[in-house]
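Asks: The file below is entry-v4.pdb, PDB, C-alpha atoms:
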```
ATOM      1  CA  MET A 159       0.000   0.000   0.000
ATOM      2  CA  LEU A 160       1.370   3.416  -0.998
ATOM      3  CA  SER A 161       2.044   5.912   1.772
ATOM      4  CA  PRO A 162       0.257   9.251   1.332
ATOM      5  CA  LEU A 163       2.462  12.079   0.086
ATOM      6  CA  TYR A 164       0.323  14.784   1.638
ATOM      7  CA  ARG A 165       0.023  14.527   5.416
ATOM      8  CA  PRO A 166      -0.914  16.897   8.256
ATOM      9  CA  GLU A 167       2.720  17.280   9.301
ATOM     10  CA  ASN A 168       4.001  18.364   5.869
ATOM     11  CA  CYS A 169       1.078  20.453   4.595
ATOM     12  CA  GLN A 170       0.115  24.026   5.389
ATOM     13  CA  ALA A 171      -3.510  25.069   5.390
ATOM     14  CA  ALA A 172      -5.180  28.375   4.689
ATOM     15  CA  PHE A 173      -8.707  28.230   6.037
ATOM     16  CA  GLN A 174     -11.883  30.020   7.025
ATOM     17  CA  LEU A 175     -14.118  27.580   8.865
ATOM     18  CA  ASN A 176     -17.222  28.947  10.574
ATOM     19  CA  TRP A 177     -20.273  27.251  12.030
ATOM     20  CA  SER A 178     -23.640  28.170  13.482
ATOM     21  CA  LEU A 179     -24.726  25.762  16.218
ATOM     22  CA  SER A 180     -27.930  25.404  18.228
ATOM     23  CA  VAL A 181     -28.146  23.057  21.220
ATOM     24  CA  PHE A 182     -31.191  22.251  23.282
ATOM     25  CA  ALA A 183     -31.736  21.483  26.957
ATOM     26  CA  SER A 184     -34.440  19.376  28.589
ATOM     27  CA  HIS A 185     -34.684  21.926  31.401
ATOM     28  CA  PRO A 186     -34.197  25.705  31.392
ATOM     29  CA  PHE A 187     -30.652  27.077  31.256
ATOM     30  CA  GLU A 188     -29.494  29.003  34.290
ATOM     31  CA  ASP A 189     -26.879  31.760  33.935
ATOM     32  CA  GLY A 190     -25.758  30.175  30.673
ATOM     33  CA  SER A 191     -24.051  33.186  29.110
ATOM     34  CA  ASP A 192     -21.715  33.757  32.060
ATOM     35  CA  CYS A 193     -20.778  30.100  32.115
ATOM     36  CA  ILE A 194     -20.035  29.992  28.380
ATOM     37  CA  GLU A 195     -17.481  32.786  28.791
ATOM     38  CA  THR A 196     -15.514  30.575  31.161
ATOM     39  CA  LEU A 197     -15.543  27.724  28.636
ATOM     40  CA  LYS A 198     -13.780  29.630  25.878
ATOM     41  CA  PRO A 199     -10.151  28.891  26.895
ATOM     42  CA  SER A 200     -10.714  25.133  27.154
ATOM     43  CA  LEU A 201     -12.630  25.049  23.873
ATOM     44  CA  GLU A 202      -9.801  26.878  22.114
ATOM     45  CA  CYS A 203      -7.434  24.165  23.303
ATOM     46  CA  GLY A 204      -9.622  21.790  21.289
ATOM     47  CA  GLY A 205      -9.433  23.958  18.161
ATOM     48  CA  ILE A 206     -12.817  25.666  18.641
ATOM     49  CA  ARG A 207     -13.188  29.420  19.120
ATOM     50  CA  VAL A 208     -16.530  30.819  20.261
ATOM     51  CA  LEU A 209     -17.047  34.114  18.423
ATOM     52  CA  GLU A 210     -20.582  34.851  19.592
ATOM     53  CA  HIS A 211     -23.187  33.109  21.733
ATOM     54  CA  ARG A 212     -26.618  33.738  23.173
ATOM     55  CA  ILE A 213     -29.391  32.040  25.105
ATOM     56  CA  VAL A 214     -32.308  32.240  22.665
ATOM     57  CA  ASP A 215     -34.952  31.008  25.088
ATOM     58  CA  ARG A 216     -35.112  28.938  28.273
ATOM     59  CA  ASN A 217     -34.125  25.752  26.430
ATOM     60  CA  THR A 218     -32.091  26.868  23.384
ATOM     61  CA  ALA A 219     -28.525  28.180  23.111
ATOM     62  CA  GLN A 220     -26.852  29.361  19.917
ATOM     63  CA  PHE A 221     -23.165  29.652  19.051
ATOM     64  CA  PHE A 222     -21.166  31.117  16.196
ATOM     65  CA  VAL A 223     -17.739  29.472  16.148
ATOM     66  CA  SER A 224     -14.590  29.088  14.090
ATOM     67  CA  THR A 225     -12.502  25.929  13.994
ATOM     68  CA  LEU A 226      -9.119  24.605  12.935
ATOM     69  CA  PRO A 227      -9.025  22.286   9.882
ATOM     70  CA  SER A 228      -8.304  19.254  12.070
ATOM     71  CA  VAL A 229     -11.569  19.622  14.016
ATOM     72  CA  VAL A 230     -14.295  17.138  13.129
ATOM     73  CA  PRO A 231     -17.601  19.072  12.987
ATOM     74  CA  SER A 232     -19.396  16.609  15.248
ATOM     75  CA  ASP A 233     -16.776  17.416  17.911
ATOM     76  CA  ILE A 234     -18.015  21.004  18.023
ATOM     77  CA  VAL A 235     -21.298  19.715  19.430
ATOM     78  CA  ARG A 236     -19.632  17.153  21.687
ATOM     79  CA  GLN A 237     -17.087  19.561  23.152
ATOM     80  CA  ILE A 238     -19.501  22.424  23.807
ATOM     81  CA  LYS A 239     -22.065  20.177  25.461
ATOM     82  CA  GLY A 240     -19.478  18.169  27.387
ATOM     83  CA  ARG A 241     -17.447  21.094  28.698
ATOM     84  CA  TRP A 242     -20.587  23.027  29.617
ATOM     85  CA  GLN A 243     -21.959  20.072  31.570
ATOM     86  CA  HIS A 244     -18.620  19.577  33.284
ATOM     87  CA  ARG A 245     -18.394  23.249  34.257
ATOM     88  CA  VAL A 246     -21.778  23.342  36.034
ATOM     89  CA  ARG A 247     -21.704  19.873  37.614
ATOM     90  CA  GLY A 248     -22.738  20.003  41.236
ATOM     91  CA  GLN A 249     -24.354  23.419  40.797
ATOM     92  CA  SER A 250     -27.140  23.413  38.230
ATOM     93  CA  PRO A 251     -26.502  20.372  35.990
ATOM     94  CA  ILE A 252     -27.699  20.638  32.396
ATOM     95  CA  SER A 253     -29.569  17.833  30.726
ATOM     96  CA  PHE A 254     -28.986  18.338  27.002
ATOM     97  CA  ARG A 255     -31.270  16.830  24.436
ATOM     98  CA  ARG A 256     -29.500  14.588  21.955
ATOM     99  CA  ASN A 257     -30.549  16.660  18.943
ATOM    100  CA  PHE A 258     -28.640  19.630  17.555
ATOM    101  CA  SER A 259     -28.575  21.934  14.528
ATOM    102  CA  LEU A 260     -25.203  22.695  12.940
ATOM    103  CA  ALA A 261     -24.635  24.683   9.740
ATOM    104  CA  SER A 262     -21.476  25.709   7.918
ATOM    105  CA  VAL A 263     -21.143  29.425   7.166
ATOM    106  CA  GLY A 264     -18.893  31.308   4.758
ATOM    107  CA  ALA A 265     -17.781  34.790   3.764
ATOM    108  CA  ALA A 266     -20.067  34.418   0.746
ATOM    109  CA  SER A 267     -23.315  32.537   0.305
ATOM    110  CA  HIS A 268     -23.485  29.283  -1.626
ATOM    111  CA  LYS A 269     -25.128  31.052  -4.556
ATOM    112  CA  ALA A 270     -22.330  33.616  -4.846
ATOM    113  CA  LEU A 271     -19.574  31.037  -4.396
ATOM    114  CA  ASP A 272     -21.088  28.637  -6.917
ATOM    115  CA  MET A 273     -21.212  31.425  -9.500
ATOM    116  CA  TYR A 274     -17.618  32.392  -8.669
ATOM    117  CA  VAL A 275     -16.321  28.859  -9.324
ATOM    118  CA  ALA A 276     -18.450  28.495 -12.467
ATOM    119  CA  MET A 277     -16.854  31.662 -13.906
ATOM    120  CA  GLN A 278     -13.258  30.565 -13.261
ATOM    121  CA  PRO A 279     -12.474  29.577 -16.891
ATOM    122  CA  LYS A 280     -13.511  33.049 -18.052
ATOM    123  CA  LYS A 281     -11.680  34.717 -15.182
ATOM    124  CA  HIS A 282      -8.466  32.874 -16.095
ATOM    125  CA  PRO A 283      -8.648  32.626 -19.901
ATOM    126  CA  MET A 284      -6.078  30.692 -21.891
ATOM    127  CA  ALA A 285      -4.339  32.288 -24.864
ATOM    128  CA  GLN A 286      -5.199  29.514 -27.309
ATOM    129  CA  GLU A 287      -8.861  29.082 -28.188
ATOM    130  CA  GLY A 288      -8.570  25.296 -28.316
ATOM    131  CA  VAL A 289      -7.095  25.123 -24.801
ATOM    132  CA  GLN A 290      -9.718  27.540 -23.492
ATOM    133  CA  ALA A 291     -12.471  25.412 -25.019
ATOM    134  CA  MET A 292     -10.941  22.309 -23.404
ATOM    135  CA  PHE A 293     -11.061  23.797 -19.918
ATOM    136  CA  GLU A 294     -14.606  25.028 -20.379
ATOM    137  CA  ASP A 295     -15.556  21.520 -21.470
ATOM    138  CA  LEU A 296     -13.857  19.902 -18.452
ATOM    139  CA  GLN A 297     -15.794  21.846 -15.811
ATOM    140  CA  PHE A 298     -18.008  19.571 -13.695
ATOM    141  CA  HIS A 299     -21.356  20.581 -12.215
ATOM    142  CA  ASP A 300     -24.216  18.494 -10.869
ATOM    143  CA  PRO A 301     -27.288  20.770 -10.822
ATOM    144  CA  THR A 302     -29.281  18.193  -8.826
ATOM    145  CA  ILE A 303     -27.076  18.688  -5.768
ATOM    146  CA  ASP A 304     -28.178  21.197  -3.131
ATOM    147  CA  LEU A 305     -25.404  21.667  -0.589
ATOM    148  CA  THR A 306     -27.502  24.090   1.465
ATOM    149  CA  SER A 307     -30.247  21.640   2.440
ATOM    150  CA  TYR A 308     -30.113  20.209   5.938
ATOM    151  CA  ARG A 309     -29.163  16.558   6.223
ATOM    152  CA  THR A 310     -29.807  14.404   9.278
ATOM    153  CA  ASN A 311     -28.058  11.727  11.301
ATOM    154  CA  ASN A 312     -29.079   9.895  14.474
ATOM    155  CA  HIS A 313     -28.615  12.960  16.665
ATOM    156  CA  GLY A 314     -29.426  16.077  14.689
ATOM    157  CA  ARG A 315     -29.450  17.996  11.451
ATOM    158  CA  PHE A 316     -26.541  19.643   9.687
ATOM    159  CA  ILE A 317     -25.240  21.519   6.663
ATOM    160  CA  TYR A 318     -21.575  20.815   5.930
ATOM    161  CA  ALA A 319     -20.544  22.517   2.696
ATOM    162  CA  LEU A 320     -16.855  22.917   1.939
ATOM    163  CA  GLN A 321     -14.778  24.693  -0.691
ATOM    164  CA  ILE A 322     -11.324  23.232  -1.274
ATOM    165  CA  VAL A 323      -8.690  24.831  -3.489
ATOM    166  CA  VAL A 324      -5.376  23.221  -4.455
ATOM    167  CA  GLU A 325      -2.631  24.815  -6.561
ATOM    168  CA  SER A 326       0.051  23.387  -8.783
ATOM    169  CA  GLU A 327       3.647  23.549  -7.582
ATOM    170  CA  GLU A 328       5.325  26.840  -8.546
ATOM    171  CA  GLY A 329       2.228  27.887 -10.497
ATOM    172  CA  TRP A 330       2.916  25.368 -13.264
ATOM    173  CA  ASN A 331       0.292  25.483 -16.021
ATOM    174  CA  ASP A 332      -0.654  22.017 -17.245
ATOM    175  CA  VAL A 333      -2.749  22.036 -20.410
ATOM    176  CA  ARG A 334      -2.619  18.312 -21.162
ATOM    177  CA  ARG A 335      -6.188  17.118 -21.567
ATOM    178  CA  ALA A 336      -5.442  13.584 -20.346
ATOM    179  CA  VAL A 337      -3.960  14.935 -17.109
ATOM    180  CA  GLN A 338      -6.831  17.323 -16.452
ATOM    181  CA  GLU A 339      -9.408  14.636 -17.236
ATOM    182  CA  GLY A 340      -7.568  12.375 -14.794
ATOM    183  CA  TYR A 341      -7.926  14.999 -12.068
ATOM    184  CA  VAL A 342     -11.674  15.285 -12.612
ATOM    185  CA  VAL A 343     -12.071  11.493 -12.538
ATOM    186  CA  ALA A 344      -9.925  11.230  -9.371
ATOM    187  CA  ILE A 345     -12.004  13.858  -7.551
ATOM    188  CA  ARG A 346     -15.278  12.233  -8.527
ATOM    189  CA  ARG A 347     -14.089   8.765  -7.502
ATOM    190  CA  THR A 348     -12.780  10.027  -4.165
ATOM    191  CA  CYS A 349     -16.086  11.727  -3.382
ATOM    192  CA  THR A 350     -18.027   8.601  -4.339
ATOM    193  CA  LYS A 351     -15.789   6.411  -2.188
ATOM    194  CA  HIS A 352     -16.251   8.591   0.894
ATOM    195  CA  GLN A 353     -19.906   9.414   0.166
ATOM    196  CA  TRP A 354     -19.189  13.118  -0.129
ATOM    197  CA  ILE A 355     -21.742  15.042  -2.164
ATOM    198  CA  LEU A 356     -19.939  16.655  -5.092
ATOM    199  CA  SER A 357     -21.525  19.776  -6.532
ATOM    200  CA  ARG A 358     -18.870  21.418  -8.691
ATOM    201  CA  ILE A 359     -15.269  21.101  -9.904
ATOM    202  CA  GLY A 360     -13.572  24.149 -11.359
ATOM    203  CA  VAL A 361     -10.474  22.737 -13.030
ATOM    204  CA  LEU A 362      -7.894  25.178 -14.412
ATOM    205  CA  ALA A 363      -4.339  25.015 -15.688
ATOM    206  CA  ASN A 364      -2.706  25.753 -12.334
ATOM    207  CA  HIS A 365      -5.374  25.249  -9.653
ATOM    208  CA  ILE A 366      -8.618  23.421  -8.892
ATOM    209  CA  HIS A 367     -11.738  24.491  -6.977
ATOM    210  CA  ILE A 368     -13.964  21.819  -5.424
ATOM    211  CA  LEU A 369     -17.391  22.379  -3.824
ATOM    212  CA  LEU A 370     -18.718  19.428  -1.843
ATOM    213  CA  GLY A 371     -20.842  18.345   1.099
ATOM    214  CA  ALA A 372     -19.560  15.914   3.712
ATOM    215  CA  ASP A 373     -20.649  14.068   6.820
ATOM    216  CA  VAL A 374     -19.976  15.705  10.183
ATOM    217  CA  LYS A 375     -17.511  12.934  11.099
ATOM    218  CA  SER A 376     -14.942  14.090   8.502
ATOM    219  CA  SER A 377     -12.623  17.016   9.216
ATOM    220  CA  PRO A 378     -11.778  19.607   6.538
ATOM    221  CA  GLU A 379      -8.165  18.529   6.912
ATOM    222  CA  SER A 380      -8.834  14.847   6.222
ATOM    223  CA  ILE A 381     -11.041  15.697   3.227
ATOM    224  CA  SER A 382      -8.469  18.055   1.696
ATOM    225  CA  LEU A 383      -5.557  15.644   2.150
ATOM    226  CA  SER A 384      -7.548  12.736   0.781
ATOM    227  CA  LEU A 385      -8.320  14.716  -2.364
ATOM    228  CA  LEU A 386      -4.700  15.836  -2.766
ATOM    229  CA  ASN A 387      -3.380  12.298  -2.417
ATOM    230  CA  ASN A 388      -5.875  10.907  -4.883
ATOM    231  CA  LEU A 389      -5.049  13.658  -7.358
ATOM    232  CA  VAL A 390      -1.351  12.761  -7.350
ATOM    233  CA  TYR A 391      -2.177   9.053  -7.357
ATOM    234  CA  SER A 392      -3.883   9.637 -10.698
ATOM    235  CA  GLN A 393      -0.521  10.882 -12.018
ATOM    236  CA  ALA A 394       1.773   8.101 -10.756
ATOM    237  CA  MET A 395       2.341   9.802  -7.377
ATOM    238  CA  LYS A 396       4.130  12.807  -8.851
ATOM    239  CA  PRO A 397       3.650  15.789  -6.511
ATOM    240  CA  PHE A 398       2.373  18.293  -9.041
ATOM    241  CA  PHE A 399       0.509  20.189  -6.308
ATOM    242  CA  LYS A 400       1.797  22.397  -3.524
ATOM    243  CA  PHE A 401       1.973  20.924  -0.051
ATOM    244  CA  SER A 402      -0.825  23.232   0.982
ATOM    245  CA  TYR A 403      -4.523  23.792   0.463
ATOM    246  CA  TYR A 404      -7.364  26.177   1.186
ATOM    247  CA  ALA A 405     -10.472  24.921   2.999
ATOM    248  CA  GLY A 406     -13.469  27.161   3.571
ATOM    249  CA  THR A 407     -16.987  26.537   4.797
ATOM    250  CA  PHE A 408     -20.061  28.046   3.177
ATOM    251  CA  GLY A 409     -23.818  27.731   3.406
ATOM    252  CA  PRO A 410     -27.102  29.298   2.366
ATOM    253  CA  TYR A 411     -26.193  32.576   4.118
ATOM    254  CA  ASP A 412     -22.987  34.547   4.526
ATOM    255  CA  ARG A 413     -21.335  35.411   7.830
ATOM    256  CA  GLY A 414     -22.893  38.873   7.905
ATOM    257  CA  VAL A 415     -26.374  37.401   8.131
ATOM    258  CA  ILE A 416     -25.332  35.040  10.944
ATOM    259  CA  TRP A 417     -23.571  37.850  12.852
ATOM    260  CA  ASN A 418     -26.672  40.015  12.702
ATOM    261  CA  GLU A 419     -29.000  37.200  13.727
ATOM    262  CA  ILE A 420     -27.015  35.905  16.683
ATOM    263  CA  ARG A 421     -26.366  39.425  18.035
ATOM    264  CA  LYS A 422     -30.092  40.222  18.276
TER     265      LYS A 422
END
```
Translate the structure described by the file into structure tokens.
Replies:
Amino acid sequence: MLSPLYRPENCQAAFQLNWSLSVFASHPFEDGSDCIETLKPSLECGGIRVLEHRIVDRNTAQFFVSTLPSVVPSDIVRQIKGRWQHRVRGQSPISFRRNFSLASVGAASHKALDMYVAMQPKKHPMAQEGVQAMFEDLQFHDPTIDLTSYRTNNHGRFIYALQIVVESEEGWNDVRRAVQEGYVVAIRRTCTKHQWILSRIGVLANHIHILLGADVKSSPESISLSLLNNLVYSQAMKPFFKFSYYAGTFGPYDRGVIWNEIRK
């Protein structure tokens, strides 16, 4: 079995990972906001930063958080509930309901981001008409996929939409059709294998955009590295891509909408 070329210890990540979370209690919260403030340092040790929070009503608390790429989204729920329960044990214990609502959030809405990726071939035009036509032909889009619809598991509902961008080493432009077709096939196969919902691939001469939906048990880091390793596997394990990636969350609304809502 081949060892992966791209690993957490040798890759750098640029990222913007934000989430809106609602958790629910069986009994009314007591002094929840003050307690949450004391949780922030321990949550940051686990890669989760609470940006905003509020008690919506007697049984509902909302959070707006950012995370590191290594954080599995389901751990956001587990850590917030667990650390909160631990903090108030012996005083006013909280009995959380098992359900939750978690949604990925981005700087731009899904609609804006989808249009941005779709326009990449025109934004980065090739000098030769034949090469330009090739890249326009290679773009992948599944219009039946809606990454902004809530999905469910045994414990709650979630939206987990992720943009991943990888770049070629030293900005190398590769215009070989067979290579670029191989990249598209590798991405599609990887998503099928892991049951990630693939919406769009924006393949260009020196970088690739990928828009997908994943399960909350997969971290942005593991998804990005899996895609990188499968991309180079399609080309005989030659590291054509930088040992880095960008991973960003997005959803039906942008961060501005979430900020305004949670600060009410």
Asks: Given the PyMOL selection byres ((chain A and resi 261-263) around 10) and the file above, list the residues it selects as a count of residues only.
Replies: 39
Asks: For His244 of chain A, which residue out of A:Gln297, A:Asp215, A:Cys193, A:Glu379 is the nearest one, using all atoms listed in the file?
Replies: A:Cys193
Asks: Applying the PyMOL selection byres ((chain A and resi 361) around 9) to the file I just gave you, which residues come out? Please list them as a ChimeraX atom specification.
Replies: /A:278-279,293-294,296-298,338,341-342,359-360,362-368
Asks: Could you work out how far atom CA of Gly288 of chain A lies from atom CA of Tyr274 of chain A, giving the answer in Å with one decimal?
Replies: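 It comes out at 22.8 Å.
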Asks: List as a PyMOL selection string: which residues have an atom within 12 Å of (-0.3, 22.7, -1.8), counting all atoms listed in the file?
Replies: chain A and resi 163-166+168-172+322-329+364-366+382-383+385-387+389-390+397-405
Asks: Just write the chosen residues, C-alpha atoms, as an mmCIF file, in the coordinates of the input.
Replies:
```
data_model
loop_
_atom_site.group_PDB
_atom_site.id
_atom_site.type_symbol
_atom_site.label_atom_id
_atom_site.label_comp_id
_atom_site.auth_asym_id
_atom_site.auth_seq_id
_atom_site.Cartn_x
_atom_site.Cartn_y
_atom_site.Cartn_z
ATOM 1 C CA LEU A 163 2.462 12.079 0.086
ATOM 2 C CA TYR A 164 0.323 14.784 1.638
ATOM 3 C CA ARG A 165 0.023 14.527 5.416
ATOM 4 C CA PRO A 166 -0.914 16.897 8.256
ATOM 5 C CA ASN A 168 4.001 18.364 5.869
ATOM 6 C CA CYS A 169 1.078 20.453 4.595
ATOM 7 C CA GLN A 170 0.115 24.026 5.389
ATOM 8 C CA ALA A 171 -3.510 25.069 5.390
ATOM 9 C CA ALA A 172 -5.180 28.375 4.689
ATOM 10 C CA ILE A 322 -11.324 23.232 -1.274
ATOM 11 C CA VAL A 323 -8.690 24.831 -3.489
ATOM 12 C CA VAL A 324 -5.376 23.221 -4.455
ATOM 13 C CA GLU A 325 -2.631 24.815 -6.561
ATOM 14 C CA SER A 326 0.051 23.387 -8.783
ATOM 15 C CA GLU A 327 3.647 23.549 -7.582
ATOM 16 C CA GLU A 328 5.325 26.840 -8.546
ATOM 17 C CA GLY A 329 2.228 27.887 -10.497
ATOM 18 C CA ASN A 364 -2.706 25.753 -12.334
ATOM 19 C CA HIS A 365 -5.374 25.249 -9.653
ATOM 20 C CA ILE A 366 -8.618 23.421 -8.892
ATOM 21 C CA SER A 382 -8.469 18.055 1.696
ATOM 22 C CA LEU A 383 -5.557 15.644 2.150
ATOM 23 C CA LEU A 385 -8.320 14.716 -2.364
ATOM 24 C CA LEU A 386 -4.700 15.836 -2.766
ATOM 25 C CA ASN A 387 -3.380 12.298 -2.417
ATOM 26 C CA LEU A 389 -5.049 13.658 -7.358
ATOM 27 C CA VAL A 390 -1.351 12.761 -7.350
ATOM 28 C CA PRO A 397 3.650 15.789 -6.511
ATOM 29 C CA PHE A 398 2.373 18.293 -9.041
ATOM 30 C CA PHE A 399 0.509 20.189 -6.308
ATOM 31 C CA LYS A 400 1.797 22.397 -3.524
ATOM 32 C CA PHE A 401 1.973 20.924 -0.051
ATOM 33 C CA SER A 402 -0.825 23.232 0.982
ATOM 34 C CA TYR A 403 -4.523 23.792 0.463
ATOM 35 C CA TYR A 404 -7.364 26.177 1.186
ATOM 36 C CA ALA A 405 -10.472 24.921 2.999
#
```
Asks: Near Arg236 of chain A, counting all atoms listed in the file, which residues have an atom at most 12 Å away, once you skip same-chain residues fewer than 5 positions from it, shown as a PyMOL selection string?
Replies: chain A and resi 179+181+201+204+206+229-231+241-244+254-258+260+313+374-375
Asks: For atom CA of Ile213 of chain A and atom CA of Gly314 of chain A, determine how far apart the two atoms are, in Å to one decimal place.
Replies: 19.1 Å
Asks: Around (-35.8, 16.1, 28.7) in the file's own coordinates, what residues are found within 7 Å if you use only C-alpha atoms, given back as a short mmCIF file (atom, residue, chain, number, x, y, z; two decimals) with C-alpha atoms, in the coordinates of the input?
Replies:
```cif
data_model
loop_
_atom_site.label_atom_id
_atom_site.label_comp_id
_atom_site.auth_asym_id
_atom_site.auth_seq_id
_atom_site.Cartn_x
_atom_site.Cartn_y
_atom_site.Cartn_z
CA ALA A 183 -31.74 21.48 26.96
CA SER A 184 -34.44 19.38 28.59
CA HIS A 185 -34.68 21.93 31.40
CA SER A 253 -29.57 17.83 30.73
CA ARG A 255 -31.27 16.83 24.44
#
```
Asks: Select, from A:Val208, A:Leu369, A:Thr225, A:Ser232, the residue with the minimum atom-to-atom distance to Arg346 of chain A, counting only C-alpha atoms.
Replies: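 Of all the options, A:Leu369 lies closest to Arg346 of chain A.
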